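To be precise, the following lines are input-v3.pdb, and they hold PDB, C-alpha atoms.
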ATOM      1  CA  MET A  12       0.000   0.000   0.000
ATOM      2  CA  THR A  13       2.853   2.342   0.913
ATOM      3  CA  VAL A  14       4.279   1.847  -2.563
ATOM      4  CA  TRP A  15       0.962   2.704  -4.231
ATOM      5  CA  ILE A  16       0.673   5.913  -2.156
ATOM      6  CA  ALA A  17       4.172   6.934  -3.296
ATOM      7  CA  ILE A  18       3.279   6.086  -6.906
ATOM      8  CA  ALA A  19       0.023   8.088  -6.775
ATOM      9  CA  LEU A  20       1.792  11.148  -5.320
ATOM     10  CA  THR A  21       4.546  10.940  -7.930
ATOM     11  CA  VAL A  22       2.065  10.524 -10.805
ATOM     12  CA  VAL A  23       0.049  13.582  -9.753
ATOM     13  CA  GLY A  24       3.111  15.733  -8.915
ATOM     14  CA  CYS A  25       5.097  14.950 -12.057
ATOM     15  CA  TYR A  26       2.093  15.440 -14.352
ATOM     16  CA  ALA A  27       1.189  18.721 -12.643
ATOM     17  CA  VAL A  28       4.628  20.267 -13.252
ATOM     18  CA  LYS A  29       4.636  19.116 -16.886
ATOM     19  CA  LEU A  30       1.196  20.636 -17.490
ATOM     20  CA  ALA A  31       2.076  23.816 -15.578
ATOM     21  CA  GLY A  32       4.902  24.527 -18.027
ATOM     22  CA  LEU A  33       2.506  24.375 -20.983
ATOM     23  CA  LEU A  34      -0.298  26.371 -19.318
ATOM     24  CA  VAL A  35       1.161  29.136 -17.137
ATOM     25  CA  PRO A  36       1.973  32.545 -18.633
ATOM     26  CA  ALA A  37       5.664  32.767 -19.530
ATOM     27  CA  GLY A  38       6.442  35.584 -17.078
ATOM     28  CA  VAL A  39       5.915  33.503 -13.941
ATOM     29  CA  LEU A  40       8.744  31.050 -14.546
ATOM     30  CA  GLU A  41      10.963  33.301 -16.666
ATOM     31  CA  ARG A  42      12.582  35.161 -13.742
ATOM     32  CA  PRO A  43      16.371  34.565 -13.893
ATOM     33  CA  ALA A  44      16.669  33.422 -10.257
ATOM     34  CA  VAL A  45      13.932  30.813 -10.725
ATOM     35  CA  ARG A  46      15.475  29.542 -13.962
ATOM     36  CA  ARG A  47      18.949  29.197 -12.446
ATOM     37  CA  LEU A  48      17.612  27.349  -9.416
ATOM     38  CA  ALA A  49      15.557  25.018 -11.610
ATOM     39  CA  ALA A  50      18.636  24.167 -13.682
ATOM     40  CA  LEU A  51      20.734  23.419 -10.581
ATOM     41  CA  LEU A  52      18.177  21.359  -8.603
ATOM     42  CA  PRO A  53      18.569  18.235 -10.792
ATOM     43  CA  VAL A  54      22.376  18.555 -10.501
ATOM     44  CA  ALA A  55      22.159  18.444  -6.683
ATOM     45  CA  LEU A  56      19.596  15.634  -6.611
ATOM     46  CA  LEU A  57      21.373  13.444  -9.174
ATOM     47  CA  ALA A  58      24.768  13.870  -7.443
ATOM     48  CA  ALA A  59      23.308  12.914  -4.053
ATOM     49  CA  LEU A  60      21.354   9.971  -5.488
ATOM     50  CA  THR A  61      24.362   8.635  -7.407
ATOM     51  CA  ALA A  62      26.536   8.766  -4.280
ATOM     52  CA  GLN A  63      23.930   7.232  -1.974
ATOM     53  CA  GLN A  64      22.960   4.377  -4.257
ATOM     54  CA  THR A  65      26.624   3.525  -4.821
ATOM     55  CA  PHE A  66      28.106   3.912  -1.351
ATOM     56  CA  SER A  67      25.367   2.909   1.084
ATOM     57  CA  THR A  68      23.222   0.038   2.311
ATOM     58  CA  GLY A  69      20.380   1.222   4.523
ATOM     59  CA  HIS A  70      21.905   3.772   6.925
ATOM     60  CA  ALA A  71      25.476   2.476   6.621
ATOM     61  CA  LEU A  72      28.146   3.831   4.286
ATOM     62  CA  VAL A  73      29.831   0.944   2.461
ATOM     63  CA  LEU A  74      32.442   0.448  -0.221
ATOM     64  CA  ASP A  75      31.611  -2.603  -2.349
ATOM     65  CA  ALA A  76      31.446  -3.884  -5.944
ATOM     66  CA  ARG A  77      29.048  -1.075  -6.938
ATOM     67  CA  ALA A  78      31.923   1.446  -6.620
ATOM     68  CA  ALA A  79      33.877  -0.458  -9.276
ATOM     69  CA  GLY A  80      30.736  -0.555 -11.441
ATOM     70  CA  LEU A  81      30.242   3.197 -11.132
ATOM     71  CA  ALA A  82      33.908   3.803 -11.996
ATOM     72  CA  ALA A  83      33.366   1.736 -15.158
ATOM     73  CA  ALA A  84      30.295   3.841 -16.000
ATOM     74  CA  GLY A  85      32.353   7.008 -15.473
ATOM     75  CA  LEU A  86      35.057   5.713 -17.794
ATOM     76  CA  ALA A  87      32.434   4.822 -20.432
ATOM     77  CA  LEU A  88      31.037   8.378 -20.171
ATOM     78  CA  LEU A  89      34.519   9.865 -20.663
ATOM     79  CA  LEU A  90      34.848   7.705 -23.790
ATOM     80  CA  ARG A  91      31.480   9.129 -24.969
ATOM     81  CA  ALA A  92      29.811   5.718 -24.982
ATOM     82  CA  PRO A  93      26.040   5.636 -25.659
ATOM     83  CA  PHE A  94      23.640   5.634 -22.695
ATOM     84  CA  LEU A  95      22.867   1.900 -22.733
ATOM     85  CA  LEU A  96      26.562   0.963 -22.902
ATOM     86  CA  VAL A  97      27.295   3.152 -19.850
ATOM     87  CA  VAL A  98      24.653   1.295 -17.831
ATOM     88  CA  ALA A  99      25.794  -2.079 -19.163
ATOM     89  CA  ALA A 100      29.420  -1.349 -18.167
ATOM     90  CA  ALA A 101      28.343  -0.649 -14.574
ATOM     91  CA  VAL A 102      26.246  -3.813 -14.387
ATOM     92  CA  VAL A 103      28.866  -6.129 -15.908
ATOM     93  CA  VAL A 104      31.777  -4.802 -13.811
ATOM     94  CA  THR A 105      29.715  -4.934 -10.578
ATOM     95  CA  ALA A 106      28.696  -8.533 -11.298
ATOM     96  CA  GLY A 107      32.299  -9.430 -12.207
ATOM     97  CA  VAL A 108      33.777  -7.978  -9.003
ATOM     98  CA  ARG A 109      31.102  -9.782  -6.935
ATOM     99  CA  ALA A 110      31.820 -13.071  -8.713
ATOM    100  CA  LEU A 111      35.496 -12.632  -7.763
ATOM    101  CA  GLY A 112      34.456 -12.202  -4.149
ATOM    102  CA  GLY A 113      34.565  -8.378  -3.954
TER     103      GLY A 113
ATOM    104  CA  MET B   6      21.373  19.434 -45.484
ATOM    105  CA  VAL B   7      18.379  19.897 -47.795
ATOM    106  CA  ARG B   8      15.955  22.546 -46.589
ATOM    107  CA  GLN B   9      12.647  23.631 -48.016
ATOM    108  CA  GLU B  10      10.410  26.653 -47.546
ATOM    109  CA  SER B  11       7.266  26.157 -45.478
ATOM    110  CA  PRO B  12       4.088  28.055 -46.434
ATOM    111  CA  GLY B  13       4.787  30.490 -43.575
ATOM    112  CA  GLY B  14       8.160  31.397 -45.095
ATOM    113  CA  ALA B  15      10.319  29.854 -42.325
ATOM    114  CA  VAL B  16      13.006  27.392 -43.412
ATOM    115  CA  GLU B  17      11.888  23.805 -42.648
ATOM    116  CA  ARG B  18      13.655  20.456 -42.826
ATOM    117  CA  PRO B  19      12.271  17.572 -44.918
ATOM    118  CA  ARG B  20       9.843  15.408 -42.939
ATOM    119  CA  THR B  21      11.954  12.266 -43.425
ATOM    120  CA  ALA B  22      15.019  13.900 -41.810
ATOM    121  CA  VAL B  23      12.977  15.014 -38.788
ATOM    122  CA  VAL B  24      11.391  11.574 -38.410
ATOM    123  CA  ARG B  25      14.794   9.864 -38.669
ATOM    124  CA  ASP B  26      16.334  12.040 -35.909
ATOM    125  CA  ALA B  27      13.282  11.657 -33.698
ATOM    126  CA  LEU B  28      13.192   7.855 -34.080
ATOM    127  CA  GLY B  29      16.933   7.657 -33.331
ATOM    128  CA  VAL B  30      16.436   9.348 -29.971
ATOM    129  CA  GLY B  31      13.134   7.609 -29.226
ATOM    130  CA  VAL B  32      14.458   4.113 -29.880
ATOM    131  CA  ALA B  33      17.826   4.527 -28.093
ATOM    132  CA  VAL B  34      16.342   6.014 -24.934
ATOM    133  CA  GLY B  35      13.154   3.948 -25.120
ATOM    134  CA  LEU B  36      15.229   0.776 -24.820
ATOM    135  CA  SER B  37      16.604   1.939 -21.461
ATOM    136  CA  GLY B  38      13.167   1.275 -19.951
ATOM    137  CA  PHE B  39      14.635  -2.212 -19.633
ATOM    138  CA  ALA B  40      17.114  -0.889 -17.037
ATOM    139  CA  PHE B  41      14.217   0.723 -15.173
ATOM    140  CA  GLY B  42      12.126  -2.470 -15.141
ATOM    141  CA  VAL B  43      15.084  -4.456 -13.814
ATOM    142  CA  THR B  44      15.964  -1.823 -11.185
ATOM    143  CA  ALA B  45      12.336  -1.598 -10.025
ATOM    144  CA  ALA B  46      12.117  -5.382  -9.632
ATOM    145  CA  GLY B  47      15.439  -5.402  -7.734
ATOM    146  CA  ALA B  48      14.019  -2.729  -5.419
ATOM    147  CA  GLY B  49      11.061  -4.941  -4.533
ATOM    148  CA  ILE B  50       8.530  -3.127  -6.758
ATOM    149  CA  SER B  51       5.946  -5.416  -8.427
ATOM    150  CA  VAL B  52       5.647  -5.740 -12.217
ATOM    151  CA  LEU B  53       2.278  -3.946 -12.113
ATOM    152  CA  GLN B  54       3.723  -1.070 -10.070
ATOM    153  CA  ALA B  55       6.741  -0.710 -12.372
ATOM    154  CA  CYS B  56       4.448  -0.578 -15.414
ATOM    155  CA  ALA B  57       2.117   1.929 -13.696
ATOM    156  CA  LEU B  58       5.120   4.214 -13.093
ATOM    157  CA  SER B  59       6.296   4.065 -16.707
ATOM    158  CA  LEU B  60       2.768   4.559 -18.084
ATOM    159  CA  LEU B  61       1.709   7.372 -15.756
ATOM    160  CA  VAL B  62       4.865   9.152 -14.537
ATOM    161  CA  PHE B  63       6.916   8.808 -17.751
ATOM    162  CA  THR B  64       9.976  10.794 -16.708
ATOM    163  CA  GLY B  65      12.933   8.483 -16.177
ATOM    164  CA  ALA B  66      15.019  10.170 -13.475
ATOM    165  CA  SER B  67      11.967  10.591 -11.195
ATOM    166  CA  GLN B  68      11.023   6.930 -11.667
ATOM    167  CA  PHE B  69      14.530   5.699 -10.786
ATOM    168  CA  ALA B  70      14.665   8.056  -7.789
ATOM    169  CA  LEU B  71      11.315   6.855  -6.460
ATOM    170  CA  VAL B  72      12.085   3.127  -6.579
ATOM    171  CA  GLY B  73      15.571   3.764  -5.140
ATOM    172  CA  ALA B  74      14.138   5.744  -2.223
ATOM    173  CA  LEU B  75      11.481   3.101  -1.526
ATOM    174  CA  ALA B  76      14.097   0.338  -1.647
ATOM    175  CA  ALA B  77      16.195   2.259   0.900
ATOM    176  CA  GLY B  78      13.210   2.277   3.269
ATOM    177  CA  GLY B  79      12.080   5.883   2.732
ATOM    178  CA  ASN B  80       8.486   6.758   3.598
ATOM    179  CA  PRO B  81       6.167   7.384   0.606
ATOM    180  CA  PHE B  82       6.117  11.157   1.127
ATOM    181  CA  THR B  83       9.872  11.797   1.164
ATOM    182  CA  ALA B  84      10.321   9.297  -1.694
ATOM    183  CA  ALA B  85       7.687  11.080  -3.801
ATOM    184  CA  ALA B  86       9.134  14.495  -2.887
ATOM    185  CA  GLY B  87      12.553  13.546  -4.303
ATOM    186  CA  ALA B  88      10.920  12.287  -7.509
ATOM    187  CA  PHE B  89       8.806  15.442  -7.725
ATOM    188  CA  PHE B  90      11.759  17.828  -7.392
ATOM    189  CA  LEU B  91      13.610  15.941 -10.126
ATOM    190  CA  GLY B  92      10.506  16.351 -12.318
ATOM    191  CA  THR B  93      10.273  20.127 -11.869
ATOM    192  CA  ARG B  94      12.707  20.694 -14.742
ATOM    193  CA  ASN B  95       9.928  19.505 -17.088
ATOM    194  CA  ALA B  96       7.925  22.664 -16.248
ATOM    195  CA  PHE B  97      10.721  24.737 -17.782
ATOM    196  CA  TYR B  98      10.801  22.509 -20.852
ATOM    197  CA  GLY B  99       7.038  23.004 -21.189
ATOM    198  CA  LEU B 100       7.520  26.746 -21.081
ATOM    199  CA  ARG B 101       9.935  26.652 -24.024
ATOM    200  CA  LEU B 102       7.746  24.177 -25.910
ATOM    201  CA  SER B 103       4.473  26.059 -25.481
ATOM    202  CA  GLN B 104       5.929  29.025 -27.352
ATOM    203  CA  LEU B 105       7.609  26.850 -29.980
ATOM    204  CA  LEU B 106       4.777  24.389 -30.698
ATOM    205  CA  ALA B 107       1.839  26.796 -30.105
ATOM    206  CA  LEU B 108      -0.492  23.897 -29.305
ATOM    207  CA  PRO B 109      -4.274  24.381 -29.151
ATOM    208  CA  ARG B 110      -5.430  24.486 -25.510
ATOM    209  CA  ALA B 111      -7.423  21.256 -25.898
ATOM    210  CA  VAL B 112      -4.286  19.310 -26.929
ATOM    211  CA  ARG B 113      -2.054  20.598 -24.101
ATOM    212  CA  PRO B 114      -3.217  18.196 -21.342
ATOM    213  CA  LEU B 115      -2.330  15.272 -23.648
ATOM    214  CA  ALA B 116       0.932  16.718 -24.951
ATOM    215  CA  ALA B 117       2.029  17.555 -21.376
ATOM    216  CA  HIS B 118       2.588  13.870 -20.610
ATOM    217  CA  TRP B 119       5.352  13.767 -23.233
ATOM    218  CA  VAL B 120       7.183  16.900 -22.046
ATOM    219  CA  ILE B 121      10.538  15.344 -21.040
ATOM    220  CA  ASP B 122      14.293  15.802 -21.720
ATOM    221  CA  GLU B 123      14.353  13.944 -25.037
ATOM    222  CA  THR B 124      11.210  15.346 -26.728
ATOM    223  CA  THR B 125      12.309  18.864 -25.746
ATOM    224  CA  ALA B 126      15.824  18.347 -27.121
ATOM    225  CA  VAL B 127      14.504  17.086 -30.490
ATOM    226  CA  ALA B 128      11.818  19.792 -30.805
ATOM    227  CA  LEU B 129      14.216  22.634 -29.924
ATOM    228  CA  ALA B 130      16.735  21.375 -32.500
ATOM    229  CA  GLN B 131      14.242  21.963 -35.355
ATOM    230  CA  PRO B 132      14.313  25.158 -37.415
ATOM    231  CA  GLY B 133      10.548  25.765 -37.707
ATOM    232  CA  ARG B 134       7.213  25.114 -36.013
ATOM    233  CA  ARG B 135       6.037  22.363 -38.377
ATOM    234  CA  SER B 136       9.195  20.245 -37.983
ATOM    235  CA  ALA B 137       9.294  20.968 -34.235
ATOM    236  CA  ARG B 138       5.736  19.605 -33.893
ATOM    237  CA  LEU B 139       6.641  16.548 -35.981
ATOM    238  CA  GLY B 140       9.863  15.939 -34.016
ATOM    239  CA  PHE B 141       8.056  16.273 -30.679
ATOM    240  CA  THR B 142       5.273  13.888 -31.729
ATOM    241  CA  VAL B 143       7.474  11.172 -33.258
ATOM    242  CA  THR B 144       9.974  11.248 -30.372
ATOM    243  CA  GLY B 145       7.168  11.222 -27.809
ATOM    244  CA  LEU B 146       5.256   8.370 -29.447
ATOM    245  CA  SER B 147       8.248   6.092 -30.144
ATOM    246  CA  LEU B 148       9.792   6.702 -26.723
ATOM    247  CA  TYR B 149       6.485   6.188 -24.882
ATOM    248  CA  LEU B 150       5.734   2.889 -26.636
ATOM    249  CA  LEU B 151       9.245   1.458 -26.247
ATOM    250  CA  TRP B 152       9.831   2.741 -22.691
ATOM    251  CA  ASN B 153       6.649   0.985 -21.516
ATOM    252  CA  LEU B 154       7.292  -2.214 -23.450
ATOM    253  CA  THR B 155      10.876  -2.519 -22.185
ATOM    254  CA  THR B 156       9.820  -1.672 -18.604
ATOM    255  CA  LEU B 157       7.488  -4.686 -18.708
ATOM    256  CA  LEU B 158      10.179  -6.936 -20.226
ATOM    257  CA  GLY B 159      12.808  -5.738 -17.724
ATOM    258  CA  ALA B 160      10.524  -6.274 -14.719
ATOM    259  CA  LEU B 161       9.495  -9.754 -15.925
ATOM    260  CA  GLY B 162      13.093 -10.630 -16.830
ATOM    261  CA  ALA B 163      14.406  -9.564 -13.421
ATOM    262  CA  GLU B 164      11.783 -11.679 -11.658
ATOM    263  CA  ALA B 165      12.966 -14.650 -13.694
ATOM    264  CA  LEU B 166      16.615 -13.918 -12.792
ATOM    265  CA  GLY B 167      15.929 -14.006  -9.051
ATOM    266  CA  ASP B 168      18.716 -12.269  -7.090
ATOM    267  CA  THR B 169      19.323  -9.137  -9.212
ATOM    268  CA  ALA B 170      22.292  -8.055  -7.044
ATOM    269  CA  ALA B 171      24.238 -11.167  -8.032
ATOM    270  CA  TRP B 172      23.945  -9.972 -11.641
ATOM    271  CA  GLY B 173      25.186  -6.494 -10.722
ATOM    272  CA  LEU B 174      21.802  -5.000 -11.598
ATOM    273  CA  ASP B 175      21.739  -2.831  -8.457
ATOM    274  CA  ALA B 176      24.461  -0.757 -10.165
ATOM    275  CA  ALA B 177      22.102   0.171 -13.054
ATOM    276  CA  GLY B 178      20.290   2.910 -11.068
ATOM    277  CA  PRO B 179      23.371   4.908 -10.010
ATOM    278  CA  ALA B 180      24.875   4.486 -13.504
ATOM    279  CA  VAL B 181      21.709   6.007 -15.018
ATOM    280  CA  PHE B 182      21.934   8.956 -12.590
ATOM    281  CA  LEU B 183      25.610   9.471 -13.450
ATOM    282  CA  ALA B 184      24.850   9.388 -17.189
ATOM    283  CA  LEU B 185      22.121  12.030 -16.711
ATOM    284  CA  LEU B 186      24.344  14.147 -14.431
ATOM    285  CA  ALA B 187      27.560  14.160 -16.502
ATOM    286  CA  PRO B 188      26.369  16.458 -19.330
ATOM    287  CA  MET B 189      24.985  18.938 -16.743
ATOM    288  CA  LEU B 190      28.419  19.562 -15.154
ATOM    289  CA  LYS B 191      29.478  22.312 -17.536
ATOM    290  CA  THR B 192      30.641  25.143 -15.266
ATOM    291  CA  ALA B 193      32.282  25.550 -11.837
ATOM    292  CA  THR B 194      28.862  26.423 -10.346
ATOM    293  CA  GLU B 195      27.357  23.081 -11.368
ATOM    294  CA  ARG B 196      30.404  21.156 -10.114
ATOM    295  CA  ALA B 197      30.262  22.993  -6.770
ATOM    296  CA  VAL B 198      26.563  22.118  -6.408
ATOM    297  CA  ALA B 199      27.250  18.456  -7.238
ATOM    298  CA  ALA B 200      30.177  18.248  -4.784
ATOM    299  CA  LEU B 201      28.225  19.861  -1.926
ATOM    300  CA  ALA B 202      25.169  17.671  -2.624
ATOM    301  CA  LEU B 203      27.366  14.564  -2.616
ATOM    302  CA  VAL B 204      28.882  15.472   0.781
ATOM    303  CA  LEU B 205      25.450  16.302   2.259
ATOM    304  CA  GLY B 206      23.806  13.191   0.791
ATOM    305  CA  LEU B 207      26.441  10.814   2.167
ATOM    306  CA  GLY B 208      27.204  12.699   5.379
ATOM    307  CA  LEU B 209      23.587  12.884   6.545
ATOM    308  CA  LEU B 210      22.686   9.330   5.506
ATOM    309  CA  PRO B 211      23.686   7.672   8.833
ATOM    310  CA  VAL B 212      21.874  10.274  10.988
ATOM    311  CA  LEU B 213      18.628  11.264   9.217
ATOM    312  CA  PRO B 214      15.565   9.102   8.384
ATOM    313  CA  ALA B 215      15.718   7.439   4.921
ATOM    314  CA  GLY B 216      14.758   9.770   2.057
ATOM    315  CA  LEU B 217      15.486  13.014   3.922
ATOM    316  CA  PRO B 218      19.244  13.263   3.144
ATOM    317  CA  VAL B 219      18.485  13.596  -0.604
ATOM    318  CA  LEU B 220      16.040  16.424   0.050
ATOM    319  CA  VAL B 221      18.550  18.236   2.286
ATOM    320  CA  ALA B 222      21.221  17.695  -0.390
ATOM    321  CA  ALA B 223      18.926  19.509  -2.868
ATOM    322  CA  LEU B 224      19.552  22.646  -0.764
ATOM    323  CA  ALA B 225      23.081  22.631  -2.239
ATOM    324  CA  ALA B 226      21.538  24.352  -5.298
ATOM    325  CA  PRO B 227      20.157  27.478  -3.515
ATOM    326  CA  ALA B 228      23.181  27.491  -1.135
ATOM    327  CA  VAL B 229      25.725  27.708  -3.967
ATOM    328  CA  LEU B 230      23.612  30.306  -5.828
ATOM    329  CA  TRP B 231      23.426  32.404  -2.642
ATOM    330  CA  LEU B 232      27.191  32.181  -2.053
ATOM    331  CA  LYS B 233      27.822  33.121  -5.680
ATOM    332  CA  GLY B 234      25.470  36.093  -5.389
ATOM    333  CA  ARG B 235      27.305  37.354  -2.288
ATOM    334  CA  ARG B 236      30.700  37.112  -3.938
ATOM    335  CA  SER B 237      29.776  39.030  -7.088
TER     336      SER B 237
END
Can you give me the file's structure in the form of structure tokens?
Amino acid sequence: MTVWIAIALTVVGCYAVKLAGLLVPAGVLERPAVRRLAALLPVALLAALTAQQTFSTGHALVLDARAAGLAAAGLALLLRAPFLLVVAAAVVVTAGVRALGG
Amino acid sequence: MVRQESPGGAVERPRTAVVRDALGVGVAVGLSGFAFGVTAAGAGISVLQACALSLLVFTGASQFALVGALAAGGNPFTAAAGAFFLGTRNAFYGLRLSQLLALPRAVRPLAAHWVIDETTAVALAQPGRRSARLGFTVTGLSLYLLWNLTTLLGALGAEALGDTAAWGLDAAGPAVFLALLAPMLKTATERAVAALALVLGLGLLPVLPAGLPVLVAALAAPAVLWLKGRRS
């Protein structure tokens, strides 16, 4: 049930912001401070999410095979690999390190 | 590139070129719904719930964030809040698109569902309104169909695999976030925000309830903007 509540809230919230962009008069969102903040919010959220989902289990900070996987994804990004290959590199390297006992 | 005049006088691209670009983006990104389906299943989300998210939320980063937060034990409100804040960028895409596409009011509630990173990128890359509308529609349709189909296949496939961690599939979520983040780190401001958010997100994890550290880390954005404003 908890999951369905979270899904319902996300569905309504995400649709509302999409629709708001198409419906509200341009002036409301066009202020420079609002635009800059909106561009930086995803940067902060994505950085925190990447770090947490790589270096933690529950409330504990851990260093395990996922770190090697993320490093592989980072390398793939530097080599300008396509999106799917970046994800595949992380998955394969993580599985490989785990198989070796990491 | 061959260009032709539209009736309105603006330079337009041939329809086939627009469709080809739009399908390229729609197919490549649409296939990554597979990674979402697998990640959702690994996070303990049912196949039906994963499909509901892809059908009704349809904005990838928010979907990944939500299942990640739920898997970490976050309550539904903080989990949804993180997903919501990630989705706010779509409002700014909509703003650009509403001027560019000039959609009739009746169509806007439908078109809104497809206002995401990829459809915006394709539409904004077009030289005129007619090709922008075509690019938006073809990207939206192909991405929506494939994203939902591959979500279903990924969720079913992961259930068949059993322990997704043994296959390294728990690394798919963070890799997706990193791939979305990397092109955003263009200036020192963005890197400072990312670094501060990373420190806050990890540093607060052991002491705050699940889901809250990400929301506090989001404050890195206004904090860095404020510091920058004071210095200049």
| said: For a quick check of understanding, using only C-alpha atoms, which of A:Leu48, A:Val73, A:Leu96, A:Met12 has the smallest distance to chain B? | reply: A:Leu48
| query | Quick one: residues within 12 Å of A:Ala44, only C-alpha atoms counted, chain neighbours fewer than 3 positions away excluded, as a PyMOL selection string? | reply | (chain A and resi 39-41+47-51) or (chain B and resi 226-227+230-231+234)
| query | What are the residues of chain B that have an atom within 7 Å of an atom of chain A, counting only C-alpha atoms, as an NGL selection string? | reply | :B and (37 or 58 or 61-62 or 77 or 81-82 or 84-85 or 88-89 or 91-100 or 103 or 113-114 or 117-118 or 120 or 171-174 or 176-177 or 179-184 or 186 or 189 or 195 or 198-199 or 202-203 or 206-207 or 210-211 or 219 or 222-223 or 225-227)
| Just how far from atom CA of B:Ala27 is atom CA of B:Thr144, in Å to one decimal? |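 So the two atoms, atom CA of B:Thr144 and atom CA of B:Ala27, lie 4.7 Å apart.
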| request: To one decimal in Å, tell me the separation between atom CA of B:Asp168 and atom CA of B:Gly49. | output: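 Between atom CA of B:Asp168 and atom CA of B:Gly49 the gap is 10.9 Å.
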| Atom-to-atom span, atom CA of B:Leu53 and atom CA of B:Thr124, Å | 25.8 Å
Give the centre and edge lengths of an axis-aligned box, in Å to one decimal, that holds all listed atoms of stretch 82-96 of chain A with 8 Å on each side, as AutoDock Vina command-line options.
--center_x 29.0 --center_y 5.4 --center_z -18.8 --size_x 28.2 --size_y 24.9 --size_z 29.7
| message | Need to verify the contact set: stretch 30-34 of chain B, 10 Å, only C-alpha atoms, exclusion of same-chain residues closer than 2 positions in sequence. Can you return it as a ChimeraX atom specification? | response | /A:93-95 /B:25-28,36-39,65,123-124,126-127,143-152
I need the residues from that last selection saved to file as a PDB file, in the coordinates of the input (with C-alpha atoms), if you can.
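part07.pdb, written as the output of this step:
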ATOM      1  CA  PRO A  93      26.040   5.636 -25.659  1.00  0.00           C
ATOM      2  CA  PHE A  94      23.640   5.634 -22.695  1.00  0.00           C
ATOM      3  CA  LEU A  95      22.867   1.900 -22.733  1.00  0.00           C
TER       4      LEU A  95
ATOM      5  CA  ARG B  25      14.794   9.864 -38.669  1.00  0.00           C
ATOM      6  CA  ASP B  26      16.334  12.040 -35.909  1.00  0.00           C
ATOM      7  CA  ALA B  27      13.282  11.657 -33.698  1.00  0.00           C
ATOM      8  CA  LEU B  28      13.192   7.855 -34.080  1.00  0.00           C
ATOM      9  CA  LEU B  36      15.229   0.776 -24.820  1.00  0.00           C
ATOM     10  CA  SER B  37      16.604   1.939 -21.461  1.00  0.00           C
ATOM     11  CA  GLY B  38      13.167   1.275 -19.951  1.00  0.00           C
ATOM     12  CA  PHE B  39      14.635  -2.212 -19.633  1.00  0.00           C
ATOM     13  CA  GLY B  65      12.933   8.483 -16.177  1.00  0.00           C
ATOM     14  CA  GLU B 123      14.353  13.944 -25.037  1.00  0.00           C
ATOM     15  CA  THR B 124      11.210  15.346 -26.728  1.00  0.00           C
ATOM     16  CA  ALA B 126      15.824  18.347 -27.121  1.00  0.00           C
ATOM     17  CA  VAL B 127      14.504  17.086 -30.490  1.00  0.00           C
ATOM     18  CA  VAL B 143       7.474  11.172 -33.258  1.00  0.00           C
ATOM     19  CA  THR B 144       9.974  11.248 -30.372  1.00  0.00           C
ATOM     20  CA  GLY B 145       7.168  11.222 -27.809  1.00  0.00           C
ATOM     21  CA  LEU B 146       5.256   8.370 -29.447  1.00  0.00           C
ATOM     22  CA  SER B 147       8.248   6.092 -30.144  1.00  0.00           C
ATOM     23  CA  LEU B 148       9.792   6.702 -26.723  1.00  0.00           C
ATOM     24  CA  TYR B 149       6.485   6.188 -24.882  1.00  0.00           C
ATOM     25  CA  LEU B 150       5.734   2.889 -26.636  1.00  0.00           C
ATOM     26  CA  LEU B 151       9.245   1.458 -26.247  1.00  0.00           C
ATOM     27  CA  TRP B 152       9.831   2.741 -22.691  1.00  0.00           C
TER      28      TRP B 152
END
| Explicit residue set for the PyMOL selection byres ((chain B and resi 69) around 8), as a list in words |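 On this input, the PyMOL selection byres ((chain B and resi 69) around 8) captures Phe41, Thr44, Ala45, Gly65, Ala66, Ser67, Gln68, Ala70, Leu71, Val72, Gly73 and Gly178 of chain B.
Ranking B:Val221, B:Thr83, B:Gly42, B:Val229 by their shortest atom-to-atom distance to B:Arg196, with only C-alpha atoms included, puts B:Val229 first.
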| Nearest to B:Pro214 by atom-to-atom distance, counting all atoms listed in the file, from B:Leu60, B:Asn80, B:Ala46, B:Ala193 |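 Distance minimum relative to B:Pro214 lands on B:Asn80.
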| request: Evaluate the PyMOL selection byres ((chain B and resi 23) around 12) here and jot the selected residues down as a VMD selection string. | output: chain B and resid 6 to 8 17 to 22 24 to 30 127 to 144
